[in-house]
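A.B. asks: Structure file upload-v1.cif (mmCIF, C-alpha atoms) is given on the next line.
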```cif
data_query
#
loop_
_atom_site.label_atom_id
_atom_site.label_comp_id
_atom_site.auth_asym_id
_atom_site.auth_seq_id
_atom_site.Cartn_x
_atom_site.Cartn_y
_atom_site.Cartn_z
CA MET J 146 -23.44 -55.43 7.85
CA ALA J 147 -21.77 -52.00 7.70
CA VAL J 148 -21.50 -51.45 11.44
CA SER J 149 -18.85 -53.32 13.45
CA GLN J 150 -19.87 -56.26 15.62
CA ARG J 151 -18.29 -54.57 18.64
CA VAL J 152 -20.50 -51.51 18.19
CA ILE J 153 -23.59 -53.63 17.58
CA LYS J 154 -22.90 -55.50 20.84
CA SER J 155 -22.29 -52.23 22.68
CA MET J 156 -25.61 -50.82 21.44
CA GLU J 157 -27.44 -53.97 22.53
CA ASN J 158 -25.91 -53.64 25.99
CA SER J 159 -26.00 -49.85 26.07
CA SER J 160 -25.73 -48.05 29.37
CA TRP J 161 -28.69 -48.59 31.67
CA ILE J 162 -28.15 -45.05 32.88
CA ARG J 163 -28.86 -43.64 29.44
CA LYS J 164 -31.78 -45.99 28.90
CA MET J 165 -33.48 -44.74 32.04
CA PHE J 166 -32.62 -41.13 31.26
CA GLU J 167 -34.30 -41.50 27.86
CA THR J 168 -37.32 -43.19 29.49
CA GLY J 169 -37.54 -40.12 31.68
CA GLY J 170 -37.91 -37.92 28.64
CA ILE J 171 -40.87 -39.99 27.46
CA LEU J 172 -42.56 -39.90 30.86
CA LYS J 173 -42.01 -36.16 31.24
CA ALA J 174 -43.60 -35.55 27.85
CA LYS J 175 -46.61 -37.59 28.98
CA TYR J 176 -47.06 -36.43 32.59
CA GLY J 177 -45.15 -33.16 32.77
CA ASP J 178 -41.73 -32.45 34.30
CA ASP J 179 -43.13 -31.79 37.78
CA ASN J 180 -44.77 -35.21 37.93
CA VAL J 181 -41.72 -37.33 37.07
CA PHE J 182 -38.97 -37.93 39.65
CA ASP J 183 -35.78 -38.54 37.72
CA PHE J 184 -32.92 -40.03 39.74
CA SER J 185 -31.34 -41.73 36.72
CA ILE J 186 -28.26 -39.69 35.88
CA GLY J 187 -25.47 -38.03 37.85
CA ASN J 188 -26.00 -34.57 36.41
CA PRO J 189 -25.20 -32.04 39.18
CA ASN J 190 -28.11 -29.74 39.94
CA VAL J 191 -26.06 -27.31 42.07
CA GLU J 192 -24.88 -24.33 40.03
CA PRO J 193 -21.12 -23.68 39.69
CA PRO J 194 -19.55 -21.43 42.34
CA GLU J 195 -19.43 -17.69 41.67
CA ASP J 196 -15.63 -17.86 41.36
CA PHE J 197 -16.07 -20.02 38.26
CA ILE J 198 -18.43 -17.54 36.62
CA ILE J 199 -16.03 -14.66 37.34
CA LYS J 200 -12.99 -16.49 35.95
CA LEU J 201 -14.91 -17.68 32.90
CA SER J 202 -15.95 -14.11 32.13
CA GLU J 203 -12.39 -12.87 32.56
CA TYR J 204 -10.87 -15.37 30.14
CA ALA J 205 -13.73 -15.19 27.65
CA SER J 206 -13.23 -11.43 27.33
CA LEU J 207 -9.42 -11.57 27.27
CA LYS J 208 -7.98 -10.34 23.97
CA LYS J 209 -4.69 -12.15 23.70
CA THR J 210 -2.94 -13.51 20.63
CA GLY J 211 -3.12 -17.29 20.50
CA MET J 212 -5.70 -17.55 23.26
CA HIS J 213 -7.80 -19.91 21.15
CA ALA J 214 -5.00 -21.65 19.26
CA TYR J 215 -3.57 -25.13 19.70
CA MET J 216 -1.30 -25.60 22.67
CA PRO J 217 1.05 -28.48 23.63
CA ASN J 218 -0.92 -31.72 23.59
CA ALA J 219 -0.33 -32.20 27.32
CA GLY J 220 -1.97 -28.82 27.95
CA TYR J 221 -0.73 -25.33 28.82
CA LEU J 222 2.46 -25.43 30.87
CA ASP J 223 1.30 -22.77 33.35
CA VAL J 224 -1.93 -24.72 33.91
CA ARG J 225 -0.08 -27.99 34.51
CA GLU J 226 2.28 -26.23 36.92
CA LYS J 227 -0.64 -25.01 39.04
CA ILE J 228 -2.25 -28.45 39.08
CA ALA J 229 1.06 -30.16 39.86
CA SER J 230 1.51 -27.80 42.80
CA TRP J 231 -2.00 -28.61 44.04
CA VAL J 232 -1.45 -32.38 43.70
CA THR J 233 1.88 -32.12 45.51
CA SER J 234 0.30 -30.23 48.40
CA THR J 235 -2.72 -32.51 48.79
CA GLU J 236 -1.43 -35.99 47.89
CA GLY J 237 1.81 -36.05 49.88
CA ILE J 238 4.01 -36.83 46.88
CA GLU J 239 5.99 -34.44 44.71
CA ILE J 240 4.50 -34.18 41.22
CA HIS J 241 6.08 -32.18 38.41
CA SER J 242 4.17 -30.46 35.64
CA ASP J 243 5.61 -33.02 33.19
CA ASN J 244 3.58 -35.69 34.99
CA ILE J 245 0.28 -33.85 34.41
CA VAL J 246 -1.78 -34.12 31.20
CA MET J 247 -4.91 -32.02 30.65
CA THR J 248 -7.79 -34.06 29.25
CA CYS J 249 -11.38 -33.88 28.07
CA GLY J 250 -12.75 -34.95 31.43
CA ALA J 251 -12.03 -38.11 33.42
CA ALA J 252 -13.51 -40.25 30.63
CA GLY J 253 -11.05 -38.77 28.16
CA ALA J 254 -8.23 -39.40 30.64
CA MET J 255 -9.28 -43.02 31.12
CA ASN J 256 -9.41 -43.63 27.38
CA VAL J 257 -6.00 -42.15 26.61
CA VAL J 258 -4.42 -44.23 29.40
CA LEU J 259 -6.08 -47.45 28.25
CA LYS J 260 -5.11 -46.73 24.64
CA THR J 261 -1.52 -46.32 25.81
CA ILE J 262 -1.13 -49.46 27.92
CA LEU J 263 -3.34 -52.09 26.23
CA ASN J 264 -2.31 -54.64 23.62
CA PRO J 265 -5.10 -56.64 21.95
CA GLY J 266 -6.32 -59.31 24.37
CA ASP J 267 -4.85 -57.70 27.49
CA ASN J 268 -7.22 -57.37 30.40
CA ILE J 269 -8.09 -54.75 33.00
CA ILE J 270 -9.52 -55.79 36.37
CA VAL J 271 -12.64 -53.96 37.56
CA SER J 272 -14.27 -54.57 40.94
CA ALA J 273 -18.06 -54.63 41.27
CA PRO J 274 -19.88 -52.39 41.72
CA TYR J 275 -18.23 -50.27 39.04
CA PHE J 276 -19.15 -47.51 36.60
CA ALA J 277 -20.70 -49.34 33.66
CA GLU J 278 -18.85 -47.50 30.92
CA TYR J 279 -15.48 -48.90 32.04
CA GLU J 280 -16.43 -51.94 29.97
CA ALA J 281 -16.82 -49.81 26.85
CA TYR J 282 -13.63 -47.86 27.52
CA ILE J 283 -11.60 -51.06 27.85
CA GLY J 284 -13.20 -52.54 24.74
CA ASN J 285 -12.47 -49.37 22.79
CA HIS J 286 -8.79 -50.27 22.83
CA GLY J 287 -8.85 -54.02 22.27
CA GLY J 288 -8.84 -54.98 25.92
CA GLU J 289 -10.90 -57.47 27.87
CA VAL J 290 -12.81 -56.76 31.07
CA ASN J 291 -11.68 -58.92 34.00
CA ARG J 292 -14.53 -58.58 36.53
CA VAL J 293 -14.16 -59.43 40.20
CA GLN J 294 -16.64 -59.29 43.04
CA GLY J 295 -16.07 -56.69 45.72
CA GLY J 296 -15.99 -57.36 49.44
CA GLU J 297 -18.63 -56.81 52.09
CA LYS J 298 -20.45 -53.49 52.20
CA PHE J 299 -19.10 -52.56 48.74
CA ASN J 300 -15.47 -52.55 49.86
CA LEU J 301 -12.68 -53.76 47.61
CA SER J 302 -11.60 -57.37 48.00
CA VAL J 303 -7.82 -57.34 47.57
CA GLU J 304 -7.91 -61.14 47.71
CA ASN J 305 -10.33 -61.37 44.77
CA ILE J 306 -8.27 -58.90 42.76
CA GLU J 307 -5.09 -60.89 43.40
CA LYS J 308 -6.76 -64.14 42.31
CA ALA J 309 -7.87 -62.51 39.05
CA ILE J 310 -4.40 -61.33 38.00
CA ASN J 311 -2.93 -63.30 35.11
CA GLU J 312 -0.22 -62.89 32.47
CA LYS J 313 -2.51 -60.65 30.39
CA THR J 314 -3.43 -58.24 33.20
CA GLN J 315 -2.20 -54.73 32.43
CA GLY J 316 -4.02 -52.82 35.14
CA VAL J 317 -6.68 -52.45 37.79
CA ILE J 318 -9.32 -49.70 37.82
CA ILE J 319 -10.62 -48.42 41.14
CA ASN J 320 -13.09 -45.64 41.85
CA SER J 321 -13.31 -44.06 45.30
CA PRO J 322 -15.61 -42.45 46.30
CA ASN J 323 -17.40 -45.10 44.33
CA ASN J 324 -20.12 -44.72 41.72
CA PRO J 325 -22.66 -46.28 42.35
CA SER J 326 -22.24 -47.25 46.03
CA GLY J 327 -20.87 -44.07 47.61
CA ARG J 328 -18.22 -46.16 49.40
CA VAL J 329 -14.85 -44.58 50.22
CA TYR J 330 -12.07 -47.17 50.37
CA SER J 331 -10.04 -46.94 53.57
CA GLU J 332 -6.34 -46.16 53.92
CA ASP J 333 -5.70 -49.76 54.99
CA THR J 334 -7.50 -51.10 51.93
CA ILE J 335 -5.50 -48.89 49.55
CA LYS J 336 -2.22 -49.82 51.26
CA ASN J 337 -3.05 -53.52 51.14
CA LEU J 338 -3.95 -53.26 47.47
CA ALA J 339 -0.73 -51.36 46.73
CA SER J 340 1.38 -53.90 48.61
CA MET J 341 -0.19 -56.79 46.74
CA LEU J 342 0.25 -55.09 43.34
CA GLU J 343 3.88 -54.27 44.08
CA ARG J 344 4.50 -57.92 44.92
CA LYS J 345 2.66 -59.24 41.85
CA SER J 346 4.49 -56.74 39.63
CA ARG J 347 7.86 -57.98 40.94
CA GLU J 348 6.83 -61.60 40.44
CA ARG J 349 5.85 -60.95 36.83
CA GLY J 350 8.82 -58.73 36.07
CA ARG J 351 6.61 -55.88 34.79
CA ALA J 352 4.22 -53.41 36.30
CA ILE J 353 0.51 -53.75 36.88
CA TYR J 354 -0.81 -50.20 36.59
CA LEU J 355 -3.36 -48.95 39.09
CA LEU J 356 -5.82 -46.55 37.44
CA SER J 357 -7.68 -44.47 40.00
CA ASP J 358 -10.82 -42.72 38.74
CA GLU J 359 -11.37 -39.79 41.13
CA PRO J 360 -14.04 -37.33 39.90
CA TYR J 361 -15.93 -37.54 43.23
CA LYS J 362 -12.93 -37.09 45.51
CA LYS J 363 -14.17 -33.80 46.98
CA ILE J 364 -17.74 -35.03 47.49
CA VAL J 365 -17.43 -36.71 50.88
CA TYR J 366 -19.37 -36.41 54.12
CA ASP J 367 -19.07 -36.71 57.89
CA GLY J 368 -15.38 -35.82 58.03
CA ILE J 369 -14.31 -38.84 55.95
CA LYS J 370 -10.95 -38.51 54.19
CA VAL J 371 -10.16 -40.09 50.84
CA PRO J 372 -6.70 -41.72 51.03
CA SER J 373 -4.11 -40.96 48.37
CA VAL J 374 -3.67 -43.66 45.74
CA ILE J 375 -0.77 -42.00 43.93
CA LYS J 376 1.20 -41.68 47.16
CA ASN J 377 0.74 -45.35 48.07
CA TYR J 378 1.54 -47.13 44.79
CA SER J 379 4.41 -46.40 42.46
CA HIS J 380 2.79 -47.60 39.22
CA SER J 381 -0.33 -45.47 39.65
CA ILE J 382 -2.20 -43.00 37.46
CA ILE J 383 -4.97 -40.82 38.86
CA MET J 384 -7.68 -39.40 36.62
CA THR J 385 -10.21 -36.76 37.52
CA SER J 386 -12.45 -33.99 36.23
CA TYR J 387 -14.13 -30.82 37.44
CA SER J 388 -17.55 -32.07 36.32
CA LYS J 389 -18.85 -32.92 39.76
CA ASP J 390 -17.06 -30.68 42.28
CA LEU J 391 -17.44 -27.51 40.17
CA SER J 392 -20.75 -28.63 38.58
CA ILE J 393 -19.49 -28.21 35.01
CA PRO J 394 -19.94 -31.64 33.37
CA GLY J 395 -20.78 -30.09 30.02
CA GLU J 396 -17.39 -28.38 29.81
CA ARG J 397 -15.48 -31.70 29.57
CA ILE J 398 -12.34 -30.66 31.41
CA GLY J 399 -10.08 -32.76 33.62
CA TRP J 400 -6.56 -34.08 34.00
CA LEU J 401 -4.45 -37.10 34.81
CA ALA J 402 -1.33 -37.44 36.91
CA VAL J 403 1.26 -40.20 36.54
CA ASN J 404 3.33 -41.28 39.53
CA PRO J 405 6.95 -40.24 38.80
CA ALA J 406 8.12 -43.69 39.92
CA ALA J 407 5.89 -45.55 37.41
CA GLU J 408 7.54 -48.17 35.25
CA ASP J 409 8.61 -47.04 31.77
CA LEU J 410 7.68 -43.47 32.71
CA HIS J 411 9.14 -41.82 29.60
CA ASN J 412 7.23 -44.02 27.17
CA LEU J 413 4.13 -44.04 29.36
CA LEU J 414 3.86 -40.24 29.40
CA GLY J 415 4.85 -39.96 25.75
CA GLY J 416 2.20 -42.49 24.78
CA ILE J 417 -0.49 -40.77 26.85
CA ILE J 418 0.29 -37.39 25.29
CA MET J 419 0.25 -38.89 21.79
CA CYS J 420 -3.03 -40.69 22.45
CA ASN J 421 -4.51 -37.45 23.76
CA ARG J 422 -4.05 -36.24 20.18
CA ILE J 423 -4.73 -39.28 17.98
CA LEU J 424 -8.00 -40.24 19.72
CA GLY J 425 -9.43 -37.01 18.35
CA TYR J 426 -9.44 -34.86 21.47
CA VAL J 427 -6.39 -32.93 20.17
CA ASN J 428 -6.37 -30.68 23.24
CA ALA J 429 -8.44 -30.13 26.34
CA PRO J 430 -10.53 -26.93 25.82
CA ALA J 431 -8.33 -23.84 25.96
CA ILE J 432 -10.43 -21.45 28.03
CA MET J 433 -11.49 -24.18 30.44
CA GLN J 434 -7.87 -25.08 31.13
CA LYS J 435 -7.15 -21.47 32.15
CA VAL J 436 -10.31 -21.19 34.23
CA VAL J 437 -9.86 -24.35 36.30
CA ALA J 438 -6.17 -23.67 36.84
CA ASP J 439 -7.16 -20.66 38.94
CA LEU J 440 -9.74 -22.65 40.92
CA GLN J 441 -7.62 -25.37 42.56
CA GLY J 442 -9.29 -26.45 45.78
CA ARG J 443 -12.58 -24.67 45.01
CA SER J 444 -15.86 -26.54 44.78
CA VAL J 445 -19.57 -26.18 45.22
CA ASP J 446 -20.91 -26.37 48.77
CA MET J 447 -21.06 -30.10 49.52
CA GLY J 448 -23.50 -29.34 52.32
CA PHE J 449 -26.24 -29.24 49.68
CA TYR J 450 -25.57 -32.86 48.74
CA LYS J 451 -25.27 -33.96 52.37
CA THR J 452 -28.72 -32.50 53.08
CA LYS J 453 -30.14 -34.37 50.10
CA ARG J 454 -28.42 -37.60 51.14
CA ASP J 455 -29.74 -37.39 54.69
CA ARG J 456 -33.32 -36.65 53.62
CA LEU J 457 -33.37 -39.41 51.00
CA CYS J 458 -31.95 -41.92 53.49
CA GLU J 459 -34.68 -40.91 55.92
CA ILE J 460 -37.38 -41.42 53.29
CA LEU J 461 -36.08 -44.81 52.19
CA GLY J 462 -35.42 -45.96 55.75
CA ASN J 463 -38.99 -45.10 56.76
CA ALA J 464 -40.30 -46.98 53.74
CA GLY J 465 -38.35 -50.12 54.66
CA TYR J 466 -35.49 -50.21 52.14
CA GLU J 467 -32.10 -51.64 53.13
CA PHE J 468 -29.01 -49.63 52.21
CA ILE J 469 -25.57 -48.49 53.32
CA LYS J 470 -25.41 -44.75 53.90
CA PRO J 471 -23.10 -43.21 51.27
CA GLU J 472 -19.78 -41.83 52.50
CA GLY J 473 -19.31 -39.81 49.32
CA THR J 474 -20.62 -39.07 45.79
CA PHE J 475 -24.28 -38.24 45.26
CA TYR J 476 -25.53 -41.80 44.79
CA LEU J 477 -27.45 -44.21 47.00
CA PHE J 478 -27.37 -47.95 46.19
CA PRO J 479 -30.18 -49.76 48.06
CA LYS J 480 -31.03 -53.45 47.94
CA ALA J 481 -33.88 -54.26 45.61
CA PRO J 482 -36.86 -55.45 47.71
CA GLY J 483 -37.34 -59.07 46.71
CA GLY J 484 -33.87 -59.25 45.17
CA ASP J 485 -34.74 -58.48 41.53
CA ASP J 486 -33.31 -55.11 40.52
CA LEU J 487 -35.15 -54.92 37.20
CA LYS J 488 -38.44 -55.65 38.90
CA ALA J 489 -37.71 -52.98 41.50
CA VAL J 490 -36.80 -50.38 38.88
CA ASN J 491 -39.97 -51.18 36.95
CA ALA J 492 -42.11 -50.90 40.10
CA LEU J 493 -40.59 -47.50 40.83
CA GLN J 494 -41.18 -46.47 37.23
CA GLU J 495 -44.88 -47.18 37.77
CA GLU J 496 -44.68 -44.43 40.40
CA ARG J 497 -42.84 -42.23 37.84
CA ILE J 498 -39.58 -42.61 39.78
CA LEU J 499 -36.57 -43.26 37.56
CA THR J 500 -33.62 -45.24 38.95
CA VAL J 501 -30.99 -47.54 37.42
CA PRO J 502 -30.72 -51.33 37.95
CA GLY J 503 -27.61 -52.57 39.70
CA ARG J 504 -26.82 -55.09 36.96
CA GLY J 505 -25.67 -52.11 34.90
CA PHE J 506 -22.90 -51.70 37.50
CA GLY J 507 -22.03 -55.39 37.70
CA THR J 508 -24.11 -55.85 40.88
CA PRO J 509 -27.59 -57.33 40.34
CA GLY J 510 -29.98 -57.11 43.24
CA TYR J 511 -29.41 -53.41 43.91
CA PHE J 512 -30.45 -50.19 42.19
CA ARG J 513 -28.87 -46.75 41.98
CA ILE J 514 -30.48 -43.46 42.94
CA ALA J 515 -28.70 -40.27 41.82
CA TYR J 516 -29.79 -37.66 44.38
CA CYS J 517 -28.18 -34.65 42.66
CA VAL J 518 -31.72 -33.37 42.11
CA SER J 519 -33.87 -30.64 43.57
CA ASP J 520 -35.19 -30.98 47.09
CA ARG J 521 -38.69 -30.84 45.62
CA VAL J 522 -38.04 -34.01 43.58
CA ILE J 523 -36.83 -35.83 46.70
CA GLU J 524 -39.81 -34.74 48.80
CA ARG J 525 -42.41 -35.50 46.16
CA SER J 526 -40.94 -38.96 45.51
CA ALA J 527 -41.45 -40.14 49.10
CA GLU J 528 -44.94 -41.55 48.59
CA GLY J 529 -43.89 -43.33 45.40
CA PHE J 530 -40.90 -45.01 47.06
CA GLU J 531 -43.18 -46.26 49.83
CA LYS J 532 -45.85 -47.54 47.43
CA ALA J 533 -43.28 -49.33 45.27
CA PHE J 534 -41.75 -51.00 48.33
CA ARG J 535 -45.14 -52.29 49.49
CA ALA J 536 -45.94 -53.56 45.98
CA LEU J 537 -42.62 -55.42 45.73
CA LYS J 538 -42.95 -56.96 49.18
CA ASN J 539 -46.48 -58.14 48.42
CA SER J 540 -45.72 -59.53 44.96
#
```
Show how you would write the structure in this file as structure tokens.
C.D. replies:
Amino acid sequence: MAVSQRVIKSMENSSWIRKMFETGGILKAKYGDDNVFDFSIGNPNVEPPEDFIIKLSEYASLKKTGMHAYMPNAGYLDVREKIASWVTSTEGIEIHSDNIVMTCGAAGAMNVVLKTILNPGDNIIVSAPYFAEYEAYIGNHGGEVNRVQGGEKFNLSVENIEKAINEKTQGVIINSPNNPSGRVYSEDTIKNLASMLERKSRERGRAIYLLSDEPYKKIVYDGIKVPSVIKNYSHSIIMTSYSKDLSIPGERIGWLAVNPAAEDLHNLLGGIIMCNRILGYVNAPAIMQKVVADLQGRSVDMGFYKTKRDRLCEILGNAGYEFIKPEGTFYLFPKAPGGDDLKAVNALQEERILTVPGRGFGTPGYFRIAYCVSDRVIERSAEGFEKAFRALKNS
């Protein structure tokens, strides 16, 4: 067989998100776009802010020598300086430009970090529910996934994470606001996690890195604040992108920041910068680096997503579904009526509603709804959600 066993296995267990997205294409071809209600993928439907369009036009028309050439593999210095200043002002910890690396989105950031810290057979702890592709990212670099169950109401269980740590544990991935649950981990939870990891790192005589995946950090509701991970734990690396808050996922632009107190900082940063090159990214896109540097703190109007969240919660609540109202992101993660998430997703598909089973996020018995869709899709799906619920309860 010409194709590697790892890739064959990955294809067999390919992302449920993509499977449902592709199913949507088939249904739309059969019934028409207006008659299929696709909640399968987190593809922002709000257009980028006008500031982004203006800056993009400015840099695209700029005639400057070297504008489209290679730059340092960490990214343009002036861009990293602006981001470092922003991180310093918002996270409560001083970050220098040398601690910032520009990446091809948060996924690119995650992969270069994992490539840097993993030896074959090392493991990374992930807490369910978690973004499904973490498993692929860890496997890309010879690592093993060390899954733990989260706490009540989709919170982290620091106790479960501690129990899972062993001599091969190199790091822990967290994601808050969380995809798929919309949960924002509290300040106390982050501090407790940091305290435990500091203690376990001292006991082992080497650091356990905390990798914080933060692309939804600006998408929060009801006055909720997302606590700083990088401020609370010395061996931390935060990774983010502009895909969600600026609505530019196709541009593949993001960055990572390494805590200046992290163990083996010189080699850690050097390895990350090298891996940013040897994994094939070479550099984060030149024009996009310049554009986003001038847009620190800007985002789309999150009020649009709050309105969608509130209306969808109303529809599902009236139909009888059980769920925890999301504190952030643009995902809702209800319980599957009857407890079988595949059966629930299939029942909804009969109503031409596309969702994703919770088993794809390490949490069977739930399903994910991505409500970054038009208001029309939400309104027209109401009857189908109700019919599917009745069918599942009566089956």
A.B. asks: Could you write out as a PyMOL selection string the residues that the PyMOL selection byres ((chain J and resi 330) around 12) matches in the shown file?
C.D. replies: chain J and resi 295-303+319-323+326-329+331-338+357+359+362+365+369-374+471-473
A.B. asks: Expressed in Å to a single decimal, how great is the separation between CA of Glu348 (chain J) and CA of Ala406 (chain J)?
C.D. replies: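 Here the two named atoms are 18.0 Å from each other.
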A.B. asks: At what distance in Å, to one decimal, does CA of Leu259 (chain J) lie from CA of Glu280 (chain J)?
C.D. replies: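 Between these atoms lies a distance of 11.4 Å.
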A.B. asks: Counting all atoms listed in the file, figure out which residue out of J:Lys345, J:Leu461, J:Phe534, J:Asn268 gets nearest to Ile514 (chain J).
C.D. replies: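 The shortest atom-to-atom distance to Ile514 (chain J) comes from J:Leu461.
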A.B. asks: Out of J:Ile393, J:Leu356, J:Leu201, J:Met212, which residue has the shortest atom-to-atom distance to Pro189 (chain J) when counting all atoms listed in the file?
C.D. replies: J:Ile393
A.B. asks: Just give me the gap between CA of Gly448 (chain J) and CA of Tyr361 (chain J) in Å, one decimal is fine.
C.D. replies: 14.4 Å
